[in-house]
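Dumped model.csv below, it's CSV, C-alpha atoms:
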chain,number,residue,atom,x,y,z
A,1,MET,CA,144.4,114.2,91.0
A,2,ILE,CA,143.0,111.4,88.9
A,3,ALA,CA,145.1,110.4,85.9
A,4,THR,CA,143.6,111.1,82.5
A,5,GLY,CA,141.7,108.1,81.2
A,6,THR,CA,141.2,106.6,84.7
A,7,ARG,CA,137.6,105.5,85.3
A,8,MET,CA,136.1,106.2,88.7
A,9,ALA,CA,134.8,103.2,90.5
A,10,SER,CA,131.0,103.0,90.8
A,11,PRO,CA,129.7,103.3,94.4
A,12,PRO,CA,128.5,100.0,95.8
A,13,GLN,CA,124.8,99.3,95.1
A,14,PRO,CA,122.5,98.8,98.1
A,15,ILE,CA,120.6,95.7,99.0
A,16,ILE,CA,116.9,96.5,99.3
A,17,VAL,CA,114.5,93.9,100.8
A,18,VAL,CA,110.8,94.1,99.7
A,19,ALA,CA,108.6,92.1,102.0
A,20,VAL,CA,104.9,93.1,101.8
A,21,ASP,CA,101.6,91.3,102.5
A,22,SER,CA,98.8,91.1,100.0
A,23,PHE,CA,96.5,94.1,99.3
A,24,LYS,CA,93.2,92.3,99.8
A,25,GLY,CA,90.9,92.5,96.8
A,26,SER,CA,93.6,94.1,94.7
A,27,LEU,CA,97.1,92.5,94.6
A,28,SER,CA,98.6,89.3,95.9
A,29,ALA,CA,101.7,89.6,98.0
A,30,ALA,CA,103.8,88.5,95.0
A,31,ASP,CA,102.2,91.0,92.7
A,32,ALA,CA,102.6,93.8,95.3
A,33,CYS,CA,106.3,93.0,95.7
A,34,ALA,CA,106.8,92.9,92.0
A,35,ALA,CA,105.2,96.4,91.6
A,36,ILE,CA,107.5,97.8,94.2
A,37,VAL,CA,110.5,96.2,92.6
A,38,VAL,CA,109.6,97.9,89.3
A,39,GLY,CA,109.5,101.3,91.1
A,40,ILE,CA,112.9,100.7,92.8
A,41,ARG,CA,114.6,99.7,89.6
A,42,ARG,CA,113.2,102.7,87.9
A,43,ALA,CA,115.0,104.9,90.3
A,44,LEU,CA,118.1,102.7,91.0
A,45,PRO,CA,118.5,100.1,88.2
A,46,ALA,CA,121.6,98.4,89.6
A,47,ALA,CA,120.2,97.9,93.2
A,48,ASP,CA,120.3,94.4,94.6
A,49,VAL,CA,116.5,93.9,95.3
A,50,ARG,CA,115.4,90.9,97.2
A,51,ALA,CA,111.6,90.3,97.1
A,52,ARG,CA,110.1,88.2,99.8
A,53,PRO,CA,106.3,88.1,99.6
A,54,MET,CA,104.9,88.0,103.1
A,55,ALA,CA,101.8,86.7,104.9
A,56,ASP,CA,100.6,86.4,108.5
A,57,GLY,CA,98.1,83.5,108.4
A,58,GLY,CA,95.5,85.2,106.3
A,59,GLU,CA,94.9,85.2,102.6
A,60,GLY,CA,98.1,84.6,100.6
A,61,THR,CA,99.7,82.4,103.3
A,62,LEU,CA,99.5,79.3,101.1
A,63,ASP,CA,101.0,81.2,98.1
A,64,ALA,CA,103.8,82.6,100.1
A,65,VAL,CA,104.7,79.2,101.6
A,66,LEU,CA,104.5,77.3,98.3
A,67,ALA,CA,106.6,79.9,96.5
A,68,ALA,CA,109.4,79.5,99.1
A,69,SER,CA,109.3,75.7,99.6
A,70,ALA,CA,111.3,73.5,97.3
A,71,GLY,CA,109.4,70.4,96.2
A,72,ALA,CA,106.0,71.7,97.4
A,73,THR,CA,102.9,71.1,95.3
A,74,ARG,CA,99.5,72.6,95.2
A,75,ARG,CA,96.5,70.2,95.4
A,76,ARG,CA,92.8,71.0,94.8
A,77,MET,CA,90.4,69.0,97.1
A,78,PRO,CA,86.6,68.9,97.6
A,79,ALA,CA,85.2,70.6,100.7
A,80,CYS,CA,82.2,72.7,101.6
A,81,SER,CA,81.9,76.5,102.2
A,82,ALA,CA,80.7,78.2,105.3
A,83,ALA,CA,77.2,78.1,103.9
A,84,GLY,CA,77.4,74.3,103.1
A,85,ASP,CA,77.8,74.6,99.4
A,86,GLU,CA,80.2,72.1,97.6
A,87,ILE,CA,83.5,73.8,96.7
A,88,GLU,CA,87.1,72.9,95.9
A,89,ALA,CA,89.9,74.3,98.0
A,90,ASP,CA,93.6,74.5,97.3
A,91,VAL,CA,96.0,73.0,99.9
A,92,GLY,CA,99.8,72.8,99.9
A,93,ILE,CA,101.7,69.6,100.3
A,94,LEU,CA,105.3,70.1,101.3
A,95,ALA,CA,108.2,67.9,100.2
A,96,ASP,CA,108.1,66.1,103.6
A,97,GLY,CA,104.4,65.4,103.3
A,98,ALA,CA,103.2,68.1,105.6
A,99,ALA,CA,100.0,69.9,104.6
A,100,ILE,CA,99.4,73.7,104.5
A,101,VAL,CA,95.7,74.6,104.9
A,102,GLU,CA,94.6,78.2,104.4
A,103,ILE,CA,91.2,78.6,106.1
A,104,ALA,CA,90.3,81.5,103.8
A,105,GLN,CA,90.3,78.9,101.0
A,106,VAL,CA,87.4,77.1,102.6
A,107,VAL,CA,85.3,79.5,104.8
A,108,GLY,CA,86.8,82.8,103.6
A,109,ILE,CA,85.2,86.2,104.2
A,110,THR,CA,85.7,87.0,100.5
A,111,ASP,CA,83.3,84.2,99.5
A,112,ALA,CA,80.5,86.4,98.3
A,113,ALA,CA,78.0,83.5,97.9
A,114,ALA,CA,78.6,82.2,101.5
A,115,MET,CA,78.4,85.7,102.9
A,116,THR,CA,74.8,86.0,101.8
A,117,THR,CA,74.0,83.4,104.5
A,118,PRO,CA,73.6,84.9,108.0
A,119,VAL,CA,76.7,84.5,110.1
A,120,ALA,CA,74.6,82.7,112.7
A,121,ALA,CA,74.0,79.9,110.1
A,122,ARG,CA,77.6,79.6,108.9
A,123,ASP,CA,80.0,76.9,110.2
A,124,THR,CA,83.4,75.4,109.7
A,125,ARG,CA,82.4,71.9,108.6
A,126,GLY,CA,84.4,72.4,105.4
A,127,VAL,CA,87.6,72.6,107.4
A,128,GLY,CA,86.9,69.3,109.1
A,129,VAL,CA,85.9,67.7,105.7
A,130,LEU,CA,89.2,68.9,104.2
A,131,LEU,CA,91.2,67.6,107.2
A,132,ARG,CA,89.6,64.2,107.0
A,133,ARG,CA,90.4,64.0,103.3
A,134,LEU,CA,94.0,64.8,104.0
A,135,LEU,CA,94.1,62.2,106.8
A,136,ASP,CA,92.8,59.7,104.3
A,137,ALA,CA,95.6,60.7,102.0
A,138,GLY,CA,98.1,59.9,104.7
A,139,CYS,CA,98.9,63.4,106.0
A,140,ARG,CA,99.7,63.7,109.7
A,141,ASP,CA,101.4,67.1,109.9
A,142,PHE,CA,99.2,70.1,109.4
A,143,SER,CA,99.8,73.9,109.5
A,144,LEU,CA,96.6,75.8,109.4
A,145,ALA,CA,96.5,79.5,108.5
A,146,LEU,CA,93.5,81.0,110.3
A,147,GLY,CA,93.1,84.5,109.0
A,148,GLY,CA,90.2,85.7,106.8
A,149,SER,CA,87.4,83.5,108.0
A,150,SER,CA,83.7,84.3,107.8
A,151,THR,CA,82.6,82.0,110.6
A,152,ASN,CA,81.9,82.4,114.3
A,153,ASP,CA,81.0,78.9,115.4
A,154,GLY,CA,83.8,78.2,117.8
A,155,GLY,CA,85.1,75.5,115.5
A,156,ALA,CA,82.0,73.4,116.1
A,157,GLY,CA,81.6,72.6,112.4
A,158,MET,CA,85.1,71.3,112.1
A,159,LEU,CA,84.7,69.1,115.2
A,160,ALA,CA,81.3,67.8,113.9
A,161,ALA,CA,82.9,66.8,110.6
A,162,LEU,CA,85.6,65.0,112.5
A,163,GLY,CA,83.1,62.9,114.4
A,164,VAL,CA,82.0,64.9,117.5
A,165,ARG,CA,78.2,64.8,118.0
A,166,LEU,CA,76.4,68.0,119.1
A,167,LEU,CA,73.1,67.1,120.7
A,168,ASP,CA,70.0,68.8,122.0
A,169,VAL,CA,67.9,67.8,125.0
A,170,ALA,CA,66.1,65.1,123.0
A,171,GLY,CA,69.4,63.6,121.7
A,172,ALA,CA,69.0,64.9,118.2
A,173,GLU,CA,72.0,66.5,116.5
A,174,VAL,CA,72.0,70.3,116.2
A,175,ALA,CA,73.6,72.3,113.4
A,176,PRO,CA,77.2,73.3,114.4
A,177,SER,CA,76.4,77.0,113.8
A,178,PRO,CA,75.7,79.8,116.4
A,179,ASP,CA,72.0,79.2,115.8
A,180,GLY,CA,72.2,75.5,116.3
A,181,LEU,CA,74.6,75.7,119.3
A,182,ALA,CA,72.0,77.8,121.1
A,183,ARG,CA,70.1,74.5,121.5
A,184,LEU,CA,73.1,72.5,122.5
A,185,ALA,CA,72.6,70.3,125.6
A,186,ARG,CA,75.3,67.6,125.3
A,187,VAL,CA,78.5,66.8,123.5
A,188,ASP,CA,79.5,63.2,122.6
A,189,ALA,CA,83.2,63.0,121.5
A,190,THR,CA,83.4,59.3,121.4
A,191,GLY,CA,83.3,59.3,117.6
A,192,LEU,CA,86.1,61.7,117.1
A,193,ASP,CA,88.4,60.5,114.4
A,194,PRO,CA,91.4,59.1,116.4
A,195,ARG,CA,93.8,60.1,113.7
A,196,ILE,CA,93.4,63.8,114.4
A,197,ARG,CA,94.5,63.3,118.0
A,198,GLN,CA,97.7,61.6,116.7
A,199,ALA,CA,98.4,64.3,114.1
A,200,ARG,CA,100.7,67.3,114.5
A,201,LEU,CA,98.7,70.5,114.3
A,202,THR,CA,100.2,74.0,114.0
A,203,ILE,CA,98.2,77.2,114.1
A,204,MET,CA,99.3,80.2,112.1
A,205,SER,CA,97.5,83.3,113.2
A,206,ASP,CA,97.8,87.0,113.5
A,207,VAL,CA,95.5,87.4,116.5
A,208,ASP,CA,95.8,86.1,120.1
A,209,ASN,CA,92.3,86.8,121.4
A,210,PRO,CA,90.5,84.3,123.7
A,211,LEU,CA,87.3,82.6,122.6
A,212,THR,CA,84.8,84.7,124.6
A,213,GLY,CA,84.6,87.9,126.6
A,214,GLU,CA,85.4,91.5,125.7
A,215,ARG,CA,88.4,90.5,123.7
A,216,GLY,CA,86.8,87.3,122.3
A,217,ALA,CA,86.0,86.2,118.8
A,218,THR,CA,82.4,87.5,118.7
A,219,ALA,CA,83.0,90.9,120.4
A,220,VAL,CA,86.1,91.8,118.4
A,221,PHE,CA,85.7,90.1,115.0
A,222,GLY,CA,82.0,89.3,114.9
A,223,PRO,CA,80.8,92.6,113.6
A,224,GLN,CA,83.0,92.5,110.4
A,225,LYS,CA,81.5,89.1,109.7
A,226,GLY,CA,77.9,90.3,110.0
A,227,VAL,CA,77.1,89.9,113.8
A,228,ALA,CA,74.7,92.7,114.7
A,229,ALA,CA,75.6,94.8,117.7
A,230,GLY,CA,72.6,93.6,119.6
A,231,ALA,CA,73.4,89.9,119.0
A,232,VAL,CA,77.0,90.0,120.3
A,233,GLY,CA,76.1,89.2,123.9
A,234,ALA,CA,73.8,86.3,123.0
A,235,ILE,CA,76.2,84.6,120.6
A,236,ASP,CA,79.1,85.1,123.0
A,237,ALA,CA,77.1,83.4,125.8
A,238,THR,CA,76.2,80.6,123.4
A,239,LEU,CA,79.9,80.0,122.6
A,240,ALA,CA,80.7,80.1,126.3
A,241,ARG,CA,78.2,77.3,127.0
A,242,TYR,CA,79.3,75.3,124.0
A,243,ALA,CA,83.0,75.7,125.1
A,244,ALA,CA,82.3,74.4,128.6
A,245,GLN,CA,80.5,71.3,127.2
A,246,VAL,CA,83.0,70.4,124.5
A,247,GLU,CA,85.9,71.0,127.0
A,248,SER,CA,84.2,68.5,129.4
A,249,ALA,CA,83.7,66.0,126.6
A,250,LEU,CA,87.3,66.2,125.5
A,251,GLY,CA,88.9,66.6,128.9
A,252,LYS,CA,90.8,69.7,128.2
A,253,SER,CA,90.4,73.5,128.6
A,254,ALA,CA,91.3,75.9,125.8
A,255,SER,CA,88.8,78.8,125.7
A,256,GLN,CA,91.1,81.3,127.3
A,257,LEU,CA,94.3,80.2,125.5
A,258,ARG,CA,96.2,82.6,123.3
A,259,GLY,CA,94.5,82.5,119.9
A,260,ALA,CA,91.4,80.6,120.9
A,261,GLY,CA,89.3,83.4,119.3
A,262,ALA,CA,91.1,83.2,116.0
A,263,ALA,CA,88.9,82.4,113.0
A,264,GLY,CA,85.7,82.8,115.0
A,265,GLY,CA,86.9,80.3,117.6
A,266,LEU,CA,88.4,77.8,115.2
A,267,GLY,CA,91.6,78.4,117.2
A,268,PHE,CA,89.8,77.1,120.3
A,269,ALA,CA,88.7,73.9,118.7
A,270,LEU,CA,92.1,73.2,117.2
A,271,GLN,CA,93.8,73.7,120.5
A,272,LEU,CA,91.4,71.3,122.1
A,273,LEU,CA,92.8,68.8,119.6
A,274,GLY,CA,96.4,69.6,120.7
A,275,ALA,CA,97.3,72.3,118.2
A,276,GLN,CA,100.2,74.6,119.0
A,277,PHE,CA,99.7,78.3,118.5
A,278,ASN,CA,102.2,80.4,116.5
A,279,SER,CA,102.4,83.9,115.1
A,280,GLY,CA,101.6,83.4,111.4
A,281,ALA,CA,103.9,86.1,110.3
A,282,ASP,CA,106.8,84.6,112.2
A,283,VAL,CA,106.2,81.2,110.7
A,284,VAL,CA,106.1,82.6,107.2
A,285,ALA,CA,109.2,84.8,107.8
A,286,ASP,CA,111.1,81.7,108.8
A,287,ILE,CA,109.9,79.7,105.8
A,288,ILE,CA,110.8,82.5,103.2
A,289,GLY,CA,114.2,83.1,104.7
A,290,LEU,CA,113.5,86.8,105.6
A,291,ASP,CA,116.4,87.0,108.1
A,292,ALA,CA,118.9,85.8,105.5
A,293,ALA,CA,117.5,88.3,103.0
A,294,LEU,CA,117.9,91.2,105.4
A,295,ALA,CA,121.6,90.4,106.1
A,296,GLY,CA,123.6,93.3,104.9
A,297,ALA,CA,120.6,95.2,103.6
A,298,ALA,CA,120.6,99.0,103.4
A,299,TRP,CA,116.8,99.3,103.5
A,300,ALA,CA,113.6,97.3,103.7
A,301,ILE,CA,110.1,98.1,102.5
A,302,THR,CA,107.0,96.4,103.9
A,303,GLY,CA,103.3,97.0,103.7
A,304,GLU,CA,99.7,95.7,103.4
A,305,GLY,CA,96.3,96.8,102.2
A,306,ARG,CA,95.5,98.9,105.2
A,307,SER,CA,97.7,99.7,108.2
A,308,ASP,CA,96.2,100.6,111.6
A,309,ALA,CA,96.3,99.5,115.2
A,310,GLN,CA,95.9,95.9,114.3
A,311,THR,CA,99.2,96.1,112.3
A,312,LEU,CA,101.0,96.3,115.7
A,313,MET,CA,99.5,92.9,116.7
A,314,ARG,CA,102.2,91.0,115.0
A,315,LYS,CA,100.8,91.3,111.5
A,316,ALA,CA,103.2,90.9,108.6
A,317,PRO,CA,104.6,94.5,108.4
A,318,TYR,CA,105.2,94.5,112.2
A,319,VAL,CA,107.2,91.3,112.1
A,320,VAL,CA,109.2,92.5,109.0
A,321,ALA,CA,110.0,95.7,110.9
A,322,GLU,CA,111.0,93.8,114.1
A,323,ARG,CA,113.4,91.5,112.2
A,324,ALA,CA,114.8,94.4,110.2
A,325,ARG,CA,115.5,96.4,113.3
A,326,ALA,CA,117.2,93.4,114.8
A,327,GLN,CA,119.8,93.7,112.0
A,328,HIS,CA,119.9,97.5,112.1
A,329,VAL,CA,118.1,97.8,108.8
A,330,PRO,CA,115.9,100.9,108.3
A,331,VAL,CA,112.3,99.8,107.3
A,332,SER,CA,109.6,101.9,105.6
A,333,LEU,CA,105.9,101.1,105.5
A,334,LEU,CA,104.1,101.4,102.2
A,335,SER,CA,100.4,100.4,102.4
A,336,GLY,CA,97.3,101.0,100.5
A,337,ALA,CA,96.0,103.1,103.3
A,338,VAL,CA,97.3,104.3,106.7
A,339,ASP,CA,94.9,105.1,109.5
A,340,PRO,CA,95.7,108.7,110.6
A,341,ALA,CA,94.5,108.0,114.1
A,342,THR,CA,97.3,105.4,114.6
A,343,LEU,CA,100.0,107.1,112.6
A,344,ALA,CA,102.0,108.1,115.7
A,345,MET,CA,102.0,104.5,116.9
A,346,LEU,CA,103.0,103.2,113.5
A,347,GLU,CA,105.8,105.7,113.2
A,348,SER,CA,107.3,104.4,116.4
A,349,ARG,CA,107.9,101.1,114.6
A,350,PHE,CA,108.7,102.2,111.0
A,351,ASP,CA,111.1,104.7,109.5
A,352,GLY,CA,108.4,106.5,107.6
A,353,CYS,CA,104.8,105.5,106.8
A,354,PHE,CA,103.4,106.1,103.3
A,355,ALA,CA,99.9,105.6,101.9
A,356,LEU,CA,99.3,104.6,98.3
A,357,PRO,CA,96.7,106.9,96.6
A,358,PRO,CA,98.2,110.1,95.2
A,359,GLY,CA,95.1,112.0,96.3
A,360,PRO,CA,91.4,111.5,97.1
A,361,GLN,CA,90.3,108.4,95.2
A,362,THR,CA,87.4,106.0,95.0
A,363,LEU,CA,87.9,102.4,96.2
A,364,ALA,CA,87.4,101.2,92.7
A,365,ALA,CA,90.2,103.4,91.4
A,366,SER,CA,92.5,102.4,94.2
A,367,VAL,CA,92.0,98.7,93.4
A,368,ALA,CA,92.4,99.3,89.6
A,369,HIS,CA,95.6,101.4,89.9
A,370,ALA,CA,97.3,99.7,92.9
A,371,ALA,CA,100.2,98.2,91.0
A,372,GLU,CA,100.9,101.4,89.1
A,373,TRP,CA,100.7,103.6,92.2
A,374,LEU,CA,102.9,101.2,94.2
A,375,ALA,CA,105.6,101.4,91.5
A,376,ASP,CA,105.3,105.2,91.4
A,377,ARG,CA,105.5,105.6,95.2
A,378,ALA,CA,108.4,103.1,95.5
A,379,SER,CA,110.3,105.0,92.9
A,380,ALA,CA,109.9,108.3,94.6
A,381,MET,CA,110.9,106.8,98.0
A,382,THR,CA,114.0,105.2,96.5
A,383,ARG,CA,115.1,108.4,94.8
A,384,LEU,CA,114.8,110.2,98.1
A,385,ARG,CA,116.6,107.6,100.2
A,386,PHE,CA,119.5,107.0,97.8
A,387,SER,CA,119.8,110.4,96.1
A,388,GLU,CA,123.6,110.2,96.3
A,389,LEU,CA,123.6,107.1,94.2
A,390,ARG,CA,121.5,108.4,91.3
A,391,PRO,CA,123.4,109.4,88.2
A,392,SER,CA,123.8,113.2,87.8
A,393,ARG,CA,122.0,114.7,84.9

Hey, can you dump this file as structure tokens for me?
Amino acid sequence: MIATGTRMASPPQPIIVVAVDSFKGSLSAADACAAIVVGIRRALPAADVRARPMADGGEGTLDAVLAASAGATRRRMPACSAAGDEIEADVGILADGAAIVEIAQVVGITDAAAMTTPVAARDTRGVGVLLRRLLDAGCRDFSLALGGSSTNDGGAGMLAALGVRLLDVAGAEVAPSPDGLARLARVDATGLDPRIRQARLTIMSDVDNPLTGERGATAVFGPQKGVAAGAVGAIDATLARYAAQVESALGKSASQLRGAGAAGGLGFALQLLGAQFNSGADVVADIIGLDAALAGAAWAITGEGRSDAQTLMRKAPYVVAERARAQHVPVSLLSGAVDPATLAMLESRFDGCFALPPGPQTLAASVAHAAEWLADRASAMTRLRFSELRPSR
């Protein structure tokens, strides 16, 4: 029997980790995390909620890294888009001088103006221009996030901007695009900026495809960038010929390496220059201290704009789930949409999979109400999971 006037101790409040990726076209990773935190606190005000915005090498990687890196700064630098238009792109400079380059800032698939140019005419020169400017500024350590590109040039544009000459049978330079590479006869790498060979290059990617073939850049990712079904074979063959010539000129093979097909083959060109391939989500997870945040947690929530079979290819939610499971932390998936065809596969990795819309909705409505619906769904999930901790009415 409890003595009169004695107050019962409150049950310990759980640690909840929120680590979601961006909802493309709607919410940044930080905004998505914030919305979920609102919902959790609505249901469980005293919970210890640890928000860790995630990314896996695509859009939002620069933001996630800068937010978690003490002393890091954001710098805006001139470059050119996939269509060749002059633009400015954000890069990150860490406290130790290392540069973080998000390819989507330069040749991103969300660049509506550049996307009006046919994919066979787009290239990655802007990436090379940006790297050269950073080299001029003294940078020699680069981490490059390769997700979200609109290009399919095998990294030829970047190499051209760094001094590699791409020549036709008459010795004239060809455009470093799929159209131009179809006329490629010889590669002259003697003018390659020597500083790039001396730099430390780290690839951050969520795909491990080779450059060419059935799993290559063109066959798998080309259609979403505008490559017509009937053109896949021809462009793939063009990239294969280009790869053989540039490999011979640089004295190294890279077309079948893991991640060579990332960013339309930019991963291939970077690995020719000595870049090391890494899972983008794992790199970001280490930078943001995800493992430390998960220590002692009772639950984790992860998610992204759309979850499907590609989620299981080490995208951000997969890596969050993997690291949560390693610490015996249950983890739920809360995404804008969940592909019903892959639900069984997803449920094998997550302790519950939840889609965002409360019912049939238009895309415009889903984008407009994403934060509100995330908070509502997170609140309901929290009430269900921690019902014993909710104050009785």

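Comparing A:Pro317, A:Gly226, A:Gly267, A:Pro14 by their smallest distance to Val49 in chain A, the closest is A:Pro14 (using only C-alpha atoms).
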
Contact check, range 104-169 of chain A to range 60-64 of chain A, at most 12 Å, counting all atoms listed in the file, closest pairs as CSV:
residue,atom,partner,partner_atom,distance
A:Ala104,CA,A:Gly60,CA,9.0
A:Gln105,CA,A:Leu62,CA,9.2
A:Gly108,CA,A:Gly60,CA,11.8
A:Ser143,CA,A:Leu62,CA,10.0
A:Leu144,CA,A:Leu62,CA,9.5
A:Ala145,CA,A:Thr61,CA,6.8
A:Leu146,CA,A:Thr61,CA,9.5
A:Gly147,CA,A:Thr61,CA,9.0
A:Gly148,CA,A:Gly60,CA,10.1

Give me, as CSV, each residue of range 26-104 of chain A that comes within 10 Å of range 354-373 of chain A, together with its shortest interatomic pair and the distance in Å at one decimal, counting only C-alpha atoms, with rows ordered by chain and rising residue number.
residue,atom,partner,partner_atom,distance
A:Ser26,CA,A:Val367,CA,5.0
A:Leu27,CA,A:Ala370,CA,7.4
A:Asp31,CA,A:Ala371,CA,7.7
A:Ala32,CA,A:Ala371,CA,6.6
A:Cys33,CA,A:Ala371,CA,9.3
A:Ala34,CA,A:Ala371,CA,8.5
A:Ala35,CA,A:Ala371,CA,5.3
A:Ile36,CA,A:Ala371,CA,8.0
A:Val38,CA,A:Glu372,CA,9.4
A:Gly39,CA,A:Glu372,CA,8.8

Point-to-point distance in Å for CA of Met77 in chain A and CA of Ala161 in chain A: 15.6 Å

Surrounding residues of Val107 in chain A excluding itself and chain neighbours under 6 positions, 7 Å, all atoms listed in the file, as a PyMOL selection string: chain A and resi 81-82+124+149-151

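Residue nearest Val37 in chain A, chosen from A:Arg195, A:Arg314, A:Arg377, A:Arg75 and counting only C-alpha atoms: A:Arg377.
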
Among listed residues A:Ala46, A:Ala121, A:Ala51, A:Val174, nearest Val227 in chain A (using only C-alpha atoms): A:Ala121

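Using all atoms listed in the file, the shortest contact distance between Leu181 in chain A and any of A:Arg125, A:Arg140, A:Arg323, A:Arg241 is found at A:Arg241.
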
Residue among A:Asp291, A:Asp193, A:Glu347, A:Asp153 lying closest to Pro178 in chain A, counting only C-alpha atoms: A:Asp153

Separation of CA of Ala175 in chain A from CA of Ile235 in chain A in Å: 14.5 Å

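Proximity ranking of A:Asp179, A:Asp351, A:Glu86, A:Glu304 relative to Val119 in chain A places A:Asp179 first, based on only C-alpha atoms.
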
Point-to-point distance in Å for CA of Arg183 in chain A and CA of Ala237 in chain A: 12.1 Å

Exercise: Arg165 in chain A partners within 9 Å, all atoms listed in the file, chain neighbours under 5 positions left out, as a ChimeraX atom specification: /A:159-160,173-174,186-192

Surrounding residues of range 272-284 of chain A excluding itself and chain neighbours under 6 positions, 6 Å, all atoms listed in the file, as a PyMOL selection string: chain A and resi 55-57+197+201-206+254+316

For range 244-273 of chain A versus range 208-216 of chain A, which residues have an atom no more than 12 Å away, and what is each residue's nearest atom pair and distance in Å rounded to one decimal, using only C-alpha atoms, chain-then-number order, as CSV?
residue,atom,partner,partner_atom,distance
A:Ala244,CA,A:Leu211,CA,11.3
A:Ser253,CA,A:Leu211,CA,11.3
A:Ala254,CA,A:Leu211,CA,8.4
A:Ser255,CA,A:Leu211,CA,5.1
A:Gln256,CA,A:Pro210,CA,4.7
A:Leu257,CA,A:Pro210,CA,5.9
A:Arg258,CA,A:Asp208,CA,4.8
A:Gly259,CA,A:Asp208,CA,3.8
A:Ala260,CA,A:Pro210,CA,4.7
A:Gly261,CA,A:Leu211,CA,3.9
A:Ala262,CA,A:Asn209,CA,6.6
A:Ala263,CA,A:Leu211,CA,9.7
A:Gly264,CA,A:Leu211,CA,7.8
A:Gly265,CA,A:Leu211,CA,5.5
A:Leu266,CA,A:Leu211,CA,8.9
A:Gly267,CA,A:Leu211,CA,8.1
A:Phe268,CA,A:Leu211,CA,6.5
A:Ala269,CA,A:Leu211,CA,9.6
A:Leu270,CA,A:Leu211,CA,11.9
A:Gln271,CA,A:Leu211,CA,11.2

Selection near Pro340 in chain A, 12 Å with all atoms listed in the file, sequence-local residues under 2 positions removed, as a PyMOL selection string: chain A and resi 306-309+337-338+342-347+353-355

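Every protein, DNA or RNA residue with an atom at most 9 Å from Val127 in chain A, where all atoms listed in the file count and chain neighbours fewer than 4 positions away do not, is listed here: A:Ala79, A:Cys80, A:Ser81, A:Val101, A:Ile103, A:Val106, A:Val107, A:Leu131, A:Arg132, A:Gly155, A:Gly157, A:Met158, A:Ala161.
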
How would the residues just chosen look if you wrote them out with C-alpha atoms as an mmCIF file, in the coordinates of the input?
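Printed below is part.cif as written:
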data_model
loop_
_atom_site.group_PDB
_atom_site.id
_atom_site.type_symbol
_atom_site.label_atom_id
_atom_site.label_comp_id
_atom_site.auth_asym_id
_atom_site.auth_seq_id
_atom_site.Cartn_x
_atom_site.Cartn_y
_atom_site.Cartn_z
ATOM 1 C CA ALA A 79 85.200 70.600 100.700
ATOM 2 C CA CYS A 80 82.200 72.700 101.600
ATOM 3 C CA SER A 81 81.900 76.500 102.200
ATOM 4 C CA VAL A 101 95.700 74.600 104.900
ATOM 5 C CA ILE A 103 91.200 78.600 106.100
ATOM 6 C CA VAL A 106 87.400 77.100 102.600
ATOM 7 C CA VAL A 107 85.300 79.500 104.800
ATOM 8 C CA LEU A 131 91.200 67.600 107.200
ATOM 9 C CA ARG A 132 89.600 64.200 107.000
ATOM 10 C CA GLY A 155 85.100 75.500 115.500
ATOM 11 C CA GLY A 157 81.600 72.600 112.400
ATOM 12 C CA MET A 158 85.100 71.300 112.100
ATOM 13 C CA ALA A 161 82.900 66.800 110.600
#

N, CA and C atoms restored at range 49-58 of chain A, emitted as a short mmCIF file (atom, residue, chain, number, x, y, z; two decimals), keeping the file's coordinate frame:
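Dumped everything to result-v2.cif:
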data_model
loop_
_atom_site.label_atom_id
_atom_site.label_comp_id
_atom_site.auth_asym_id
_atom_site.auth_seq_id
_atom_site.Cartn_x
_atom_site.Cartn_y
_atom_site.Cartn_z
N VAL A 49 117.87 93.97 94.67
CA VAL A 49 116.50 93.90 95.30
C VAL A 49 116.14 92.50 95.57
N ARG A 50 115.78 92.25 96.82
CA ARG A 50 115.40 90.90 97.20
C ARG A 50 113.90 90.92 97.63
N ALA A 51 113.07 90.32 96.80
CA ALA A 51 111.60 90.30 97.10
C ALA A 51 111.28 89.04 97.86
N ARG A 52 110.57 89.26 98.95
CA ARG A 52 110.10 88.20 99.80
C ARG A 52 108.65 88.38 100.15
N PRO A 53 107.73 87.91 99.30
CA PRO A 53 106.30 88.10 99.60
C PRO A 53 105.95 87.53 100.97
N MET A 54 105.20 88.31 101.75
CA MET A 54 104.90 88.00 103.10
C MET A 54 103.43 87.60 103.31
N ALA A 55 103.12 87.01 104.45
CA ALA A 55 101.80 86.70 104.90
C ALA A 55 101.81 86.49 106.37
N ASP A 56 100.62 86.51 107.00
CA ASP A 56 100.60 86.40 108.50
C ASP A 56 99.56 85.37 108.95
N GLY A 57 99.14 84.48 108.06
CA GLY A 57 98.10 83.50 108.40
C GLY A 57 96.81 83.75 107.74
N GLY A 58 96.68 84.87 107.03
CA GLY A 58 95.50 85.20 106.30
C GLY A 58 95.59 84.78 104.83
#
